[in-house]
Structure formats: structure tokens, C-alpha cells
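Participant: Contents of my_file-v4.txt (compact mmCIF, C-alpha atoms) are given next:
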# COMPACT_ATOMS: atom_id res chain seq x y z
CA MET A 1 0.25 -8.84 75.45
CA ARG A 2 -1.23 -11.03 72.76
CA ILE A 3 -3.77 -13.64 73.88
CA VAL A 4 -2.73 -17.21 72.97
CA SER A 5 -5.81 -19.19 73.93
CA ASN A 6 -5.00 -21.84 71.32
CA VAL A 7 -1.69 -22.82 72.96
CA ASN A 8 -1.45 -25.94 75.10
CA LEU A 9 1.32 -25.60 77.70
CA VAL A 10 2.50 -28.50 79.83
CA ILE A 11 4.76 -27.72 82.79
CA VAL A 12 6.82 -30.76 83.73
CA TYR A 13 8.64 -30.54 87.03
CA TYR A 14 10.59 -32.51 89.57
CA SER A 15 10.84 -31.21 93.11
CA SER A 16 12.01 -32.91 96.27
CA THR A 17 11.18 -30.21 98.81
CA GLY A 18 8.94 -27.86 96.83
CA THR A 19 11.05 -25.12 95.24
CA ASN A 20 10.52 -26.20 91.65
CA TYR A 21 6.85 -26.90 92.29
CA LYS A 22 6.52 -23.25 93.31
CA LEU A 23 8.35 -22.17 90.14
CA ALA A 24 5.99 -24.35 88.12
CA GLN A 25 2.97 -22.75 89.76
CA ALA A 26 4.29 -19.26 89.04
CA ALA A 27 4.92 -20.18 85.41
CA ALA A 28 1.38 -21.53 85.16
CA GLU A 29 -0.01 -18.22 86.43
CA GLY A 30 1.99 -16.28 83.83
CA ALA A 31 0.84 -18.47 80.95
CA LYS A 32 -2.79 -18.33 82.05
CA GLU A 33 -2.61 -14.54 81.97
CA LEU A 34 -2.31 -14.87 78.18
CA GLY A 35 -5.12 -17.40 77.97
CA ALA A 36 -3.00 -20.51 77.41
CA ASP A 37 -4.35 -23.91 78.40
CA VAL A 38 -1.98 -25.04 81.18
CA LYS A 39 -1.38 -28.36 82.89
CA ILE A 40 1.19 -28.99 85.65
CA VAL A 41 2.54 -32.53 85.86
CA ARG A 42 5.37 -34.16 87.79
CA VAL A 43 7.81 -36.83 86.78
CA PRO A 44 7.67 -40.04 88.84
CA GLU A 45 9.66 -40.13 92.06
CA THR A 46 12.28 -42.86 91.80
CA ALA A 47 14.14 -42.29 95.07
CA PRO A 48 13.77 -45.06 97.67
CA GLU A 49 11.31 -44.53 100.50
CA SER A 50 14.18 -44.62 102.98
CA ALA A 51 15.82 -41.60 101.34
CA ILE A 52 12.57 -39.64 101.32
CA ALA A 53 11.82 -40.53 104.93
CA SER A 54 15.27 -39.35 106.03
CA ASN A 55 14.47 -35.77 104.98
CA PRO A 56 11.36 -34.36 106.70
CA ALA A 57 10.89 -31.58 104.13
CA TRP A 58 11.10 -34.07 101.28
CA LYS A 59 8.58 -36.37 102.91
CA VAL A 60 6.16 -33.50 103.57
CA HIS A 61 6.36 -32.29 99.98
CA VAL A 62 5.82 -35.76 98.50
CA GLU A 63 2.71 -36.15 100.61
CA ALA A 64 1.44 -32.64 99.81
CA THR A 65 1.72 -33.16 96.04
CA LYS A 66 0.57 -36.76 95.78
CA ASP A 67 -2.52 -35.65 93.83
CA VAL A 68 -0.51 -33.81 91.16
CA PRO A 69 -0.76 -36.04 88.07
CA GLU A 70 2.34 -37.76 86.76
CA VAL A 71 3.45 -36.80 83.26
CA THR A 72 2.49 -39.09 80.39
CA HIS A 73 3.66 -39.37 76.81
CA ALA A 74 0.20 -38.19 75.79
CA ASP A 75 0.83 -34.92 77.69
CA ILE A 76 4.04 -34.35 75.77
CA GLU A 77 2.55 -35.24 72.40
CA ALA A 78 -0.42 -32.91 72.89
CA ALA A 79 1.67 -29.96 74.08
CA ASP A 80 2.50 -27.00 71.88
CA ALA A 81 4.88 -25.74 74.57
CA ILE A 82 6.66 -27.40 77.48
CA ILE A 83 8.36 -25.79 80.45
CA PHE A 84 10.63 -27.96 82.57
CA SER A 85 11.51 -27.08 86.15
CA VAL A 86 14.14 -29.10 88.00
CA PRO A 87 16.71 -28.70 90.77
CA THR A 88 20.36 -29.17 89.95
CA ARG A 89 22.19 -32.39 90.68
CA PHE A 90 25.94 -31.80 90.33
CA GLY A 91 25.30 -29.32 87.50
CA ASN A 92 22.93 -31.65 85.70
CA MET A 93 19.25 -32.50 85.75
CA PRO A 94 18.00 -34.94 88.42
CA SER A 95 17.86 -38.62 87.52
CA GLN A 96 14.08 -38.56 87.89
CA MET A 97 13.73 -36.11 84.99
CA LYS A 98 16.42 -37.83 82.93
CA GLN A 99 14.70 -41.16 83.33
CA PHE A 100 11.45 -39.73 81.99
CA LEU A 101 13.16 -38.02 79.05
CA ASP A 102 14.85 -41.31 78.22
CA THR A 103 11.41 -42.88 77.73
CA THR A 104 10.44 -40.42 74.99
CA GLY A 105 12.43 -42.22 72.30
CA GLY A 106 9.28 -43.56 70.66
CA LEU A 107 7.81 -40.08 70.30
CA TRP A 108 11.13 -38.82 68.97
CA PHE A 109 11.36 -41.66 66.42
CA GLN A 110 7.88 -40.82 65.15
CA GLY A 111 8.77 -37.14 64.78
CA LYS A 112 6.22 -36.09 67.38
CA LEU A 113 8.63 -33.92 69.37
CA VAL A 114 9.70 -31.70 66.49
CA ASN A 115 8.95 -27.98 66.89
CA LYS A 116 7.74 -28.23 70.47
CA VAL A 117 8.55 -24.86 72.02
CA VAL A 118 10.44 -25.52 75.24
CA SER A 119 11.99 -23.62 78.12
CA ALA A 120 13.53 -24.60 81.47
CA MET A 121 13.92 -23.34 85.03
CA THR A 122 16.03 -24.58 87.93
CA SER A 123 17.18 -24.15 91.51
CA ALA A 124 20.30 -24.79 93.55
CA SER A 125 21.26 -24.42 97.19
CA ASN A 126 23.94 -21.81 96.50
CA PRO A 127 24.52 -19.10 93.87
CA HIS A 128 27.21 -21.07 92.03
CA GLY A 129 25.69 -24.50 92.45
CA GLY A 130 25.07 -25.27 88.79
CA HIS A 131 22.12 -23.09 87.76
CA GLU A 132 23.21 -22.43 84.18
CA ALA A 133 24.74 -25.86 83.61
CA THR A 134 21.54 -27.60 84.69
CA VAL A 135 19.34 -25.66 82.28
CA LEU A 136 21.81 -26.18 79.45
CA SER A 137 22.02 -29.91 80.17
CA LEU A 138 18.27 -30.16 79.74
CA TYR A 139 18.34 -28.13 76.53
CA THR A 140 20.82 -30.62 75.07
CA SER A 141 18.05 -33.24 75.04
CA MET A 142 15.70 -30.70 73.49
CA TYR A 143 18.06 -30.11 70.56
CA HIS A 144 17.87 -33.83 69.83
CA TRP A 145 14.08 -33.58 69.91
CA GLY A 146 14.19 -30.89 67.24
CA ALA A 147 12.44 -28.61 69.71
CA ILE A 148 12.58 -24.81 69.64
CA VAL A 149 14.18 -23.38 72.78
CA ALA A 150 12.54 -20.18 74.01
CA ALA A 151 15.06 -18.96 76.57
CA PRO A 152 14.11 -15.78 78.43
CA GLY A 153 17.37 -14.05 77.54
CA TYR A 154 17.17 -10.44 78.66
CA THR A 155 13.78 -9.78 77.12
CA ASP A 156 12.49 -8.16 80.31
CA PRO A 157 14.21 -6.21 83.13
CA ILE A 158 12.87 -8.74 85.63
CA THR A 159 15.59 -11.16 84.50
CA PHE A 160 18.25 -8.89 86.02
CA GLN A 161 16.27 -8.50 89.25
CA ALA A 162 15.91 -12.27 89.52
CA GLY A 163 19.63 -12.98 89.25
CA GLY A 164 20.37 -12.48 85.56
CA ASN A 165 20.20 -16.04 84.21
CA PRO A 166 19.41 -15.70 80.48
CA TYR A 167 19.03 -19.45 79.92
CA GLY A 168 16.11 -19.87 82.29
CA THR A 169 14.77 -18.58 85.58
CA SER A 170 16.78 -19.91 88.51
CA VAL A 171 16.66 -19.47 92.24
CA THR A 172 18.96 -20.11 95.15
CA ALA A 173 16.78 -22.08 97.53
CA ASN A 174 16.93 -21.20 101.21
CA GLU A 175 16.05 -23.26 104.26
CA SER A 176 12.69 -21.54 104.72
CA GLY A 177 11.60 -22.50 101.23
CA GLU A 178 10.62 -18.93 100.36
CA ILE A 179 11.26 -17.61 96.86
CA ASP A 180 11.93 -13.94 96.18
CA ASP A 181 9.06 -12.27 94.35
CA ALA A 182 11.38 -11.14 91.55
CA VAL A 183 12.13 -14.78 90.76
CA LEU A 184 8.44 -15.66 90.68
CA GLN A 185 7.79 -12.72 88.36
CA ALA A 186 10.67 -13.88 86.15
CA ALA A 187 9.10 -17.35 85.96
CA LYS A 188 5.81 -15.76 84.92
CA HIS A 189 7.57 -13.73 82.23
CA GLN A 190 9.39 -16.80 80.96
CA ALA A 191 6.08 -18.65 80.68
CA ARG A 192 4.45 -15.76 78.84
CA ARG A 193 7.36 -15.63 76.43
CA THR A 194 7.25 -19.40 75.89
CA VAL A 195 3.55 -19.53 75.04
CA THR A 196 3.85 -16.43 72.87
CA VAL A 197 6.58 -18.07 70.79
CA ALA A 198 4.50 -21.26 70.68
CA GLY A 199 1.62 -19.20 69.34
CA TRP A 200 3.83 -17.86 66.54
CA VAL A 201 5.04 -21.35 65.67
CA LYS A 202 1.55 -22.79 65.71
CA ALA A 203 0.23 -19.99 63.49
CA GLY A 204 3.12 -20.51 61.07
CA GLN A 205 2.28 -24.19 60.83
CA GLY A 206 -1.32 -23.34 59.99
CA LYS A 207 -2.74 -25.03 63.09
How does the structure come out when it is put into C-alpha cells?
Facilitator:
Amino acid sequence: MRIVSNVNLVIVYYSSTGTNYKLAQAAAEGAKELGADVKIVRVPETAPESAIASNPAWKVHVEATKDVPEVTHADIEAADAIIFSVPTRFGNMPSQMKQFLDTTGGLWFQGKLVNKVVSAMTSASNPHGGHEATVLSLYTSMYHWGAIVAAPGYTDPITFQAGGNPYGTSVTANESGEIDDAVLQAAKHQARRTVTVAGWVKAGQGK
């Protein structure tokens, strides 16, 4: 595997009970294996305190990750590659992630989102709960950015072992919060692929 120490990867996630935070951490490990500079950031939580308090697992996770920095426009502008990790909400991305993406219009207008290499991961509570649709909904915004989507496809056998989603690693979350190792390995592979493609793009741009 080619070392890509000049690639800056930002992993932007939203997670209510921790599944996508775990995916983000696995992706970070995979990218660091290739020498990429990695930062994990979360989008702001916009749900009311009453909703969070009504779900013990949600409340615990919010408290456990309070020190994870929130994403900024500076993070996005500085990134060569971005991996998004979000749960599904009726086959779409959560409102928390959508709200953040909606604030990037200024960067888009200035052309600062063009050629960012992006990829996405997701989770749902059942096998047909919107995995593929959620990833594709996020990619729609990326096409408007002029970003380059680095989907995992079937570039490694681990994709089949992890459920076979070619658009992005996805997991069916269970009540215990555990994630099958094959899924974590798939997230690592997806991250390695993303930073590798970013390295090619960056080299082609003479950076």
C-alpha cells in the first residue's frame, strides 16, 4: 500500500447512540495506516434536550463524546478527502448532517469544494432500512460540490463479507451496539481507498 502522508482526511460524522462514531474511528485507523493526517469531527446536535434525555443510550453517547470537536468550515476547506458517516433517517441523511451541509454554500460559491475526494458510510436498524439510499442521498450533495466520489465498490473481498454495499460501508445496528469485525475492516478499507484516490488527485494537481 502506498503511503499518502501528504493527504489531509477529515471524517465528519453524526451519531446518536454511537454506531457511526465507531465507524468513524475504524475509518480513521485505516487511513492512518497509510500515513494520512486524520481528524474526526462531529456535526452539531440539533435535537432538543428532551428527546436526548428520553433515550438513555443517546444521552450516554452525547456525554461520552462531548470533547469531540464540532466540524468547522475551515476543516472542510483544508481537507483533501472527507468521509461522512451517518445513520439513516427514512432513507435519507439525518437533519443534523443536512443542516451542516446547507451551511457550506459560501465555500461552494468560492469553488473551495471542487475536487474534494469524498466517501460515505451509514447504519440502519434493519437490513433493508435505507442503507444504500442514505449514502446516495449524501452523494447527491457531493455532486453539486464538484467533489470526486470514491465509493468502495467491490475493490476488496471484505465488501462482500461486510454485507456487499458498493456505495459505502453500512451496518445493521443491534441493541448491544457491537459491530461485526468485517464491517470495521470494510470501513478501514474504504478509508484507505479514499485517501489513496485523494493522493492521486493531489499529485495530479501538483500540490
Participant: I'd like the interatomic distance between CA of Gln205 (chain A) and CA of Lys39 (chain A), to a tenth of an Å.
Facilitator: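 Those two atoms sit 22.7 Å apart.
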Participant: Distance CA of Lys202 (chain A)-CA of Ile76 (chain A), one decimal place?
Facilitator: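 Taking CA of Lys202 (chain A) and CA of Ile76 (chain A), their separation equals 15.5 Å.
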Participant: May I have the residues within 6 Å of Trp58 (chain A) as a list in words, using all atoms listed in the file and disregarding those fewer than 5 positions away in the same chain?
Facilitator: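 Near neighbours after the sequence-gap exclusion: Ser16, Thr17 and Ile52 of chain A.
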Participant: When distances are computed from all atoms listed in the file, which of A:Thr65, A:Thr159, A:Ser5, A:Ser119 shows the smallest separation from Lys22 (chain A)?
Facilitator: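 Under the stated criterion, the closest residue is A:Thr65.
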Participant: Which residue out of A:Thr104, A:Ala51, A:Met121, A:Trp145 has the minimum interatomic distance to Ala187 (chain A) when only C-alpha atoms are used?
Facilitator: A:Met121
